[in-house]
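For reference, input24.pdb is printed below; it contains PDB, C-alpha atoms.
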ATOM      1  CA  MET A   1      32.495 -29.840  10.764
ATOM      2  CA  PHE A   2      35.867 -31.288  11.693
ATOM      3  CA  PHE A   3      35.273 -34.073   9.148
ATOM      4  CA  LEU A   4      34.483 -31.539   6.345
ATOM      5  CA  VAL A   5      37.579 -29.461   7.131
ATOM      6  CA  ARG A   6      39.727 -32.593   6.822
ATOM      7  CA  LEU A   7      38.214 -33.200   3.355
ATOM      8  CA  GLY A   8      39.503 -29.815   2.240
ATOM      9  CA  VAL A   9      36.204 -27.908   1.953
ATOM     10  CA  ASN A  10      36.908 -24.226   2.421
ATOM     11  CA  TYR A  11      33.730 -22.485   3.583
ATOM     12  CA  THR A  12      35.210 -19.005   3.954
ATOM     13  CA  SER A  13      36.141 -18.725   0.272
ATOM     14  CA  ASN A  14      32.691 -20.017  -0.798
ATOM     15  CA  ILE A  15      30.999 -17.425   1.423
ATOM     16  CA  LYS A  16      33.183 -14.652  -0.027
ATOM     17  CA  ILE A  17      32.276 -15.704  -3.571
ATOM     18  CA  ALA A  18      28.571 -15.794  -2.705
ATOM     19  CA  VAL A  19      28.706 -12.323  -1.115
ATOM     20  CA  VAL A  20      30.520 -10.836  -4.129
ATOM     21  CA  ALA A  21      28.023 -12.467  -6.534
ATOM     22  CA  LEU A  22      25.042 -11.198  -4.522
ATOM     23  CA  PHE A  23      26.555  -7.685  -4.436
ATOM     24  CA  ALA A  24      27.067  -7.769  -8.228
ATOM     25  CA  ILE A  25      23.450  -8.853  -8.812
ATOM     26  CA  VAL A  26      22.063  -6.092  -6.570
ATOM     27  CA  MET A  27      24.227  -3.408  -8.203
ATOM     28  CA  SER A  28      23.402  -4.459 -11.784
ATOM     29  CA  THR A  29      19.654  -4.689 -11.034
ATOM     30  CA  SER A  30      19.571  -1.234  -9.418
ATOM     31  CA  THR A  31      21.554   0.248 -12.331
ATOM     32  CA  ILE A  32      19.158  -1.209 -14.892
ATOM     33  CA  MET A  33      16.137   0.095 -12.965
ATOM     34  CA  ALA A  34      17.675   3.584 -12.654
ATOM     35  CA  VAL A  35      18.476   3.810 -16.365
ATOM     36  CA  SER A  36      15.160   2.440 -17.652
ATOM     37  CA  GLN A  37      12.488   4.977 -18.532
ATOM     38  CA  THR A  38       9.269   5.228 -16.574
ATOM     39  CA  VAL A  39       5.874   5.111 -18.258
ATOM     40  CA  GLU A  40       2.738   6.573 -16.734
ATOM     41  CA  GLY A  41      -0.899   6.198 -17.640
ATOM     42  CA  HIS A  42      -4.264   6.757 -16.059
ATOM     43  CA  GLY A  43      -4.754   3.096 -15.140
ATOM     44  CA  VAL A  44      -7.394   2.030 -17.678
ATOM     45  CA  GLN A  45      -7.881  -1.701 -17.696
ATOM     46  CA  ALA A  46      -6.591  -3.808 -20.582
ATOM     47  CA  GLN A  47     -10.097  -4.734 -21.801
ATOM     48  CA  LEU A  48     -10.884  -1.201 -22.989
ATOM     49  CA  GLN A  49     -13.351  -2.539 -25.555
ATOM     50  CA  SER A  50     -15.163  -5.859 -25.361
ATOM     51  CA  ARG A  51     -14.855  -8.397 -28.168
ATOM     52  CA  PHE A  52     -18.609  -9.002 -27.851
ATOM     53  CA  VAL A  53     -20.075  -5.490 -27.877
ATOM     54  CA  ARG A  54     -18.533  -2.300 -29.237
ATOM     55  CA  ILE A  55     -19.318   0.989 -27.467
ATOM     56  CA  GLN A  56     -19.676   3.531 -30.290
ATOM     57  CA  ASP A  57     -20.272   7.281 -30.489
ATOM     58  CA  GLU A  58     -19.671   7.819 -26.745
ATOM     59  CA  ALA A  59     -20.483  11.496 -26.036
ATOM     60  CA  PHE A  60     -20.483  13.585 -22.848
ATOM     61  CA  SER A  61     -22.808  16.521 -22.185
ATOM     62  CA  ALA A  62     -20.037  18.613 -20.572
ATOM     63  CA  GLN A  63     -16.338  18.654 -19.699
ATOM     64  CA  THR A  64     -16.694  21.000 -16.725
ATOM     65  CA  LEU A  65     -19.451  20.918 -14.123
ATOM     66  CA  ASN A  66     -20.195  22.180 -10.642
ATOM     67  CA  ALA A  67     -20.947  19.664  -7.913
ATOM     68  CA  GLY A  68     -24.673  18.925  -8.071
ATOM     69  CA  GLN A  69     -24.945  19.340 -11.835
ATOM     70  CA  GLN A  70     -25.752  16.415 -14.082
ATOM     71  CA  LEU A  71     -23.524  14.673 -16.610
ATOM     72  CA  VAL A  72     -25.239  12.835 -19.468
ATOM     73  CA  VAL A  73     -23.268  10.138 -21.304
ATOM     74  CA  THR A  74     -24.787   8.828 -24.549
ATOM     75  CA  GLY A  75     -23.725   6.366 -27.209
ATOM     76  CA  THR A  76     -24.577   3.182 -29.052
ATOM     77  CA  LEU A  77     -23.931  -0.464 -28.170
ATOM     78  CA  GLN A  78     -23.198  -2.618 -31.232
ATOM     79  CA  SER A  79     -23.368  -6.403 -30.743
ATOM     80  CA  LEU A  80     -20.565  -8.283 -32.511
ATOM     81  CA  VAL A  81     -21.906 -11.803 -31.867
ATOM     82  CA  ASN A  82     -24.757 -13.979 -33.160
ATOM     83  CA  LYS A  83     -26.421 -14.631 -29.815
ATOM     84  CA  PRO A  84     -28.453 -12.461 -27.431
ATOM     85  CA  LEU A  85     -26.540 -10.922 -24.525
ATOM     86  CA  ARG A  86     -27.685  -9.743 -21.084
ATOM     87  CA  ALA A  87     -25.923  -6.611 -19.899
ATOM     88  CA  TRP A  88     -26.037  -3.617 -17.564
ATOM     89  CA  LEU A  89     -24.556  -0.135 -17.817
ATOM     90  CA  SER A  90     -22.548   1.907 -15.366
ATOM     91  CA  LEU A  91     -19.828   4.542 -15.294
ATOM     92  CA  PHE A  92     -16.186   3.779 -14.580
ATOM     93  CA  SER A  93     -14.308   6.813 -13.317
ATOM     94  CA  GLU A  94     -10.990   7.507 -11.701
ATOM     95  CA  SER A  95      -9.884  10.768 -10.175
ATOM     96  CA  THR A  96      -6.898  12.706  -8.901
ATOM     97  CA  ASN A  97      -8.436  12.739  -5.434
ATOM     98  CA  ALA A  98      -9.856   9.899  -3.378
ATOM     99  CA  GLY A  99     -13.352  10.681  -4.616
ATOM    100  CA  ASN A 100     -15.242   9.042  -7.485
ATOM    101  CA  ARG A 101     -18.642   9.898  -6.110
ATOM    102  CA  TRP A 102     -21.544   9.967  -8.549
ATOM    103  CA  GLU A 103     -25.265   9.626  -8.007
ATOM    104  CA  PHE A 104     -27.086   7.862 -10.839
ATOM    105  CA  ILE A 105     -30.256   9.684 -11.859
ATOM    106  CA  SER A 106     -31.416   7.608 -14.836
ATOM    107  CA  ARG A 107     -30.347   4.966 -17.342
ATOM    108  CA  ASP A 108     -31.746   4.176 -20.762
ATOM    109  CA  PRO A 109     -32.387   1.322 -21.488
ATOM    110  CA  PRO A 110     -34.240   1.506 -18.166
ATOM    111  CA  GLY A 111     -33.794  -0.986 -15.363
ATOM    112  CA  ASN A 112     -30.674  -2.700 -14.194
ATOM    113  CA  ILE A 113     -30.365  -5.520 -16.756
ATOM    114  CA  PHE A 114     -31.334  -5.371 -20.426
ATOM    115  CA  ASP A 115     -30.920  -7.563 -23.514
ATOM    116  CA  ILE A 116     -28.796  -6.811 -26.566
ATOM    117  CA  PRO A 117     -30.133  -8.682 -29.636
ATOM    118  CA  PRO A 118     -27.747 -10.683 -31.869
ATOM    119  CA  GLN A 119     -25.849  -8.298 -34.183
ATOM    120  CA  GLY A 120     -28.187  -5.596 -32.834
ATOM    121  CA  THR A 121     -27.663  -1.948 -31.990
ATOM    122  CA  VAL A 122     -28.924  -0.413 -28.747
ATOM    123  CA  PRO A 123     -28.710   3.343 -28.056
ATOM    124  CA  TYR A 124     -27.961   4.219 -24.428
ATOM    125  CA  SER A 125     -27.971   7.180 -22.082
ATOM    126  CA  ILE A 126     -26.665   7.465 -18.502
ATOM    127  CA  THR A 127     -27.414  10.521 -16.358
ATOM    128  CA  ALA A 128     -25.380  10.994 -13.187
ATOM    129  CA  ARG A 129     -24.942  13.852 -10.744
ATOM    130  CA  ALA A 130     -21.431  14.758  -9.577
ATOM    131  CA  LEU A 131     -21.172  14.793  -5.788
ATOM    132  CA  GLU A 132     -17.507  15.628  -5.206
ATOM    133  CA  PRO A 133     -15.107  18.088  -6.881
ATOM    134  CA  GLY A 134     -12.077  16.722  -8.713
ATOM    135  CA  VAL A 135     -10.755  15.781 -12.121
ATOM    136  CA  TYR A 136     -12.309  12.534 -13.326
ATOM    137  CA  HIS A 137     -11.590  10.359 -16.328
ATOM    138  CA  VAL A 138     -15.031   8.869 -17.026
ATOM    139  CA  HIS A 139     -15.871   5.870 -19.247
ATOM    140  CA  THR A 140     -19.081   4.084 -20.121
ATOM    141  CA  GLN A 141     -18.793   0.659 -18.486
ATOM    142  CA  LEU A 142     -20.789  -2.140 -20.085
ATOM    143  CA  ASN A 143     -20.965  -5.319 -18.018
ATOM    144  CA  ILE A 144     -21.945  -8.407 -20.009
ATOM    145  CA  GLU A 145     -23.254 -11.495 -18.229
ATOM    146  CA  HIS A 146     -20.687 -14.350 -18.201
ATOM    147  CA  VAL A 147     -18.159 -12.118 -20.015
ATOM    148  CA  GLY A 148     -17.237  -9.184 -17.802
ATOM    149  CA  PRO A 149     -16.782  -5.441 -18.227
ATOM    150  CA  GLY A 150     -15.811  -3.409 -21.252
ATOM    151  CA  LEU A 151     -15.069   0.307 -21.323
ATOM    152  CA  GLY A 152     -15.807   3.076 -23.766
ATOM    153  CA  PRO A 153     -13.064   5.503 -24.870
ATOM    154  CA  GLY A 154     -13.878   7.946 -22.061
ATOM    155  CA  GLN A 155     -13.302  11.639 -21.444
ATOM    156  CA  THR A 156     -11.831  13.835 -18.729
ATOM    157  CA  VAL A 157     -14.435  15.785 -16.737
ATOM    158  CA  GLN A 158     -13.599  18.474 -14.184
ATOM    159  CA  ILE A 159     -15.962  19.038 -11.251
ATOM    160  CA  SER A 160     -15.672  22.158  -9.090
ATOM    161  CA  GLY A 161     -17.594  23.529  -6.139
ATOM    162  CA  ASN A 162     -18.380  22.183  -2.689
ATOM    163  CA  PRO A 163     -18.933  18.465  -2.124
ATOM    164  CA  ILE A 164     -22.480  17.203  -1.646
ATOM    165  CA  PHE A 165     -22.844  14.739   1.195
ATOM    166  CA  LYS A 166     -25.691  12.248   1.017
ATOM    167  CA  PRO A 167     -27.122  10.806   4.260
ATOM    168  CA  VAL A 168     -26.069   7.251   5.060
ATOM    169  CA  PRO A 169     -29.051   4.870   4.680
ATOM    170  CA  TRP A 170     -28.681   3.266   8.112
ATOM    171  CA  GLY A 171     -31.680   1.011   7.521
ATOM    172  CA  ASN A 172     -29.907  -0.582   4.541
ATOM    173  CA  VAL A 173     -26.688  -0.937   6.555
ATOM    174  CA  ALA A 174     -28.561  -2.665   9.415
ATOM    175  CA  TYR A 175     -30.324  -4.969   6.933
ATOM    176  CA  GLN A 176     -26.988  -6.008   5.398
ATOM    177  CA  VAL A 177     -25.474  -6.636   8.847
ATOM    178  CA  VAL A 178     -28.432  -8.857   9.779
ATOM    179  CA  LEU A 179     -28.089 -10.839   6.527
ATOM    180  CA  ILE A 180     -24.334 -11.296   6.982
ATOM    181  CA  GLY A 181     -24.826 -12.327  10.617
ATOM    182  CA  ALA A 182     -27.506 -14.861   9.669
ATOM    183  CA  GLY A 183     -25.275 -16.309   6.943
ATOM    184  CA  MET A 184     -22.367 -16.642   9.352
ATOM    185  CA  GLY A 185     -24.637 -18.242  11.950
ATOM    186  CA  ILE A 186     -25.857 -20.816   9.445
ATOM    187  CA  THR A 187     -22.262 -21.507   8.366
ATOM    188  CA  PHE A 188     -21.099 -22.006  11.957
ATOM    189  CA  ALA A 189     -24.113 -24.180  12.812
ATOM    190  CA  THR A 190     -23.975 -26.467   9.770
ATOM    191  CA  ARG A 191     -20.237 -26.771   9.115
ATOM    192  CA  PRO A 192     -18.280 -26.532  12.334
ATOM    193  CA  TRP A 193     -15.426 -28.661  11.002
ATOM    194  CA  GLN A 194     -14.667 -26.065   8.271
ATOM    195  CA  VAL A 195     -14.631 -23.137  10.662
ATOM    196  CA  ILE A 196     -12.160 -24.551  13.160
TER     197      ILE A 196
END

Could I get this file's structure written as structure tokens?
Amino acid sequence: MFFLVRLGVNYTSNIKIAVVALFAIVMSTSTIMAVSQTVEGHGVQAQLQSRFVRIQDEAFSAQTLNAGQQLVVTGTLQSLVNKPLRAWLSLFSESTNAGNRWEFISRDPPGNIFDIPPQGTVPYSITARALEPGVYHVHTQLNIEHVGPGLGPGQTVQISGNPIFKPVPWGNVAYQVVLIGAGMGITFATRPWQVI
């Protein structure tokens, strides 16, 4: 330090300049953030429609329901590509509360995974029962193998009434715990150098 002082380096003035510059940056950033306008939305993902399949004519059986009543979502899936696609349907919903509880009653095409023919059209129907009151923005969600999800335009649905609580399937929970435990045991037994 004594050597640097003899060379004429003045640390106190450099520190003062740095503090003033930092203060100016903080003040200008906070001013810009205070003046800029805020934009709000309901959080729909950027891939609202898929480039591979278009969700057309999405229709909802009701806009207001009581908990326990069924909502039927219908529409048409139009393939935009020249190859067959494997897909599955679901509902994407967000709500004003912490809910989002639906019980799926039926899906058409039936089963979990179905095929969409090249340039083909597939009509669909999803029936779900609302289990918890709230205001939901509901979309058809089409998941395409090796591509990902796409969403239909959607609609706001209001559910009123008392929540319906379903019993926890403890047998399924125990089965999952056993599978996870077995997988961890195999991992620890076969690859101890990666665990440590």

Handout entry: Picked residues, the PyMOL selection byres ((chain A and resi 123-130) around 9), expected as a PyMOL selection string
Key = chain A and resi 65-78+89-91+100-109+121-122+131-133+140+159+163-164

Writer output for current selection, C-alpha atoms, as a PDB file, in the coordinates of the input:
ATOM      1  CA  LEU A  65     -19.451  20.918 -14.123  1.00  0.00           C
ATOM      2  CA  ASN A  66     -20.195  22.180 -10.642  1.00  0.00           C
ATOM      3  CA  ALA A  67     -20.947  19.664  -7.913  1.00  0.00           C
ATOM      4  CA  GLY A  68     -24.673  18.925  -8.071  1.00  0.00           C
ATOM      5  CA  GLN A  69     -24.945  19.340 -11.835  1.00  0.00           C
ATOM      6  CA  GLN A  70     -25.752  16.415 -14.082  1.00  0.00           C
ATOM      7  CA  LEU A  71     -23.524  14.673 -16.610  1.00  0.00           C
ATOM      8  CA  VAL A  72     -25.239  12.835 -19.468  1.00  0.00           C
ATOM      9  CA  VAL A  73     -23.268  10.138 -21.304  1.00  0.00           C
ATOM     10  CA  THR A  74     -24.787   8.828 -24.549  1.00  0.00           C
ATOM     11  CA  GLY A  75     -23.725   6.366 -27.209  1.00  0.00           C
ATOM     12  CA  THR A  76     -24.577   3.182 -29.052  1.00  0.00           C
ATOM     13  CA  LEU A  77     -23.931  -0.464 -28.170  1.00  0.00           C
ATOM     14  CA  GLN A  78     -23.198  -2.618 -31.232  1.00  0.00           C
ATOM     15  CA  LEU A  89     -24.556  -0.135 -17.817  1.00  0.00           C
ATOM     16  CA  SER A  90     -22.548   1.907 -15.366  1.00  0.00           C
ATOM     17  CA  LEU A  91     -19.828   4.542 -15.294  1.00  0.00           C
ATOM     18  CA  ASN A 100     -15.242   9.042  -7.485  1.00  0.00           C
ATOM     19  CA  ARG A 101     -18.642   9.898  -6.110  1.00  0.00           C
ATOM     20  CA  TRP A 102     -21.544   9.967  -8.549  1.00  0.00           C
ATOM     21  CA  GLU A 103     -25.265   9.626  -8.007  1.00  0.00           C
ATOM     22  CA  PHE A 104     -27.086   7.862 -10.839  1.00  0.00           C
ATOM     23  CA  ILE A 105     -30.256   9.684 -11.859  1.00  0.00           C
ATOM     24  CA  SER A 106     -31.416   7.608 -14.836  1.00  0.00           C
ATOM     25  CA  ARG A 107     -30.347   4.966 -17.342  1.00  0.00           C
ATOM     26  CA  ASP A 108     -31.746   4.176 -20.762  1.00  0.00           C
ATOM     27  CA  PRO A 109     -32.387   1.322 -21.488  1.00  0.00           C
ATOM     28  CA  THR A 121     -27.663  -1.948 -31.990  1.00  0.00           C
ATOM     29  CA  VAL A 122     -28.924  -0.413 -28.747  1.00  0.00           C
ATOM     30  CA  LEU A 131     -21.172  14.793  -5.788  1.00  0.00           C
ATOM     31  CA  GLU A 132     -17.507  15.628  -5.206  1.00  0.00           C
ATOM     32  CA  PRO A 133     -15.107  18.088  -6.881  1.00  0.00           C
ATOM     33  CA  THR A 140     -19.081   4.084 -20.121  1.00  0.00           C
ATOM     34  CA  ILE A 159     -15.962  19.038 -11.251  1.00  0.00           C
ATOM     35  CA  PRO A 163     -18.933  18.465  -2.124  1.00  0.00           C
ATOM     36  CA  ILE A 164     -22.480  17.203  -1.646  1.00  0.00           C
TER      37      ILE A 164
END

Check: Need the neighbours of (-29.4, -6.3, -15.4): which residues are at most 6 Å away, counting all atoms listed in the file, as a ChimeraX atom specification?
Finding: /A:87-88,112-114

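Atom CA of A:Leu179 sits 23.9 Å away from atom CA of A:Lys166.
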
Between A:Gly134, A:Gly183, A:Gly152, A:Pro117, smallest distance to A:Asp57 by only C-alpha atoms belongs to A:Gly152

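Considering only C-alpha atoms, the residue among A:Val147, A:Ala182, A:Val135, A:Val81 positioned nearest to A:Thr64 is A:Val135.
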
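Across the structure, atom CA of A:Arg51 and atom CA of A:Gln155 are spaced 21.2 Å apart.
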
Atom pair atom CA of A:Asn143 + atom CA of A:Gln176, distance 24.2 Å

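Residue nearest A:Lys83 within the list A:Gln63, A:Gln158, A:Ile116, A:Pro110: A:Ile116 [criterion: smallest interatomic distance, all atoms listed in the file].
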
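Closest to A:Ala62 among A:Val138, A:Ala18, A:Ile144, A:Val26 is A:Val138, based on only C-alpha atoms.
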
Exercise for the section: Please write as a PyMOL selection string the full residue list that the PyMOL selection byres ((chain A and resi 153) around 12) yields on this file. Expected result: chain A and resi 44-45+47-50+54-60+73+75+91-93+137-142+150-152+154-156

Quick one: axis-aligned box around all listed atoms of stretch 111-129 of chain A, 8 Å on every side, centre and edge lengths in Å to one decimal, written as JSON.
{"center_x": -29.4, "center_y": 1.6, "center_z": -22.5, "size_x": 24.9, "size_y": 40.5, "size_z": 39.4}
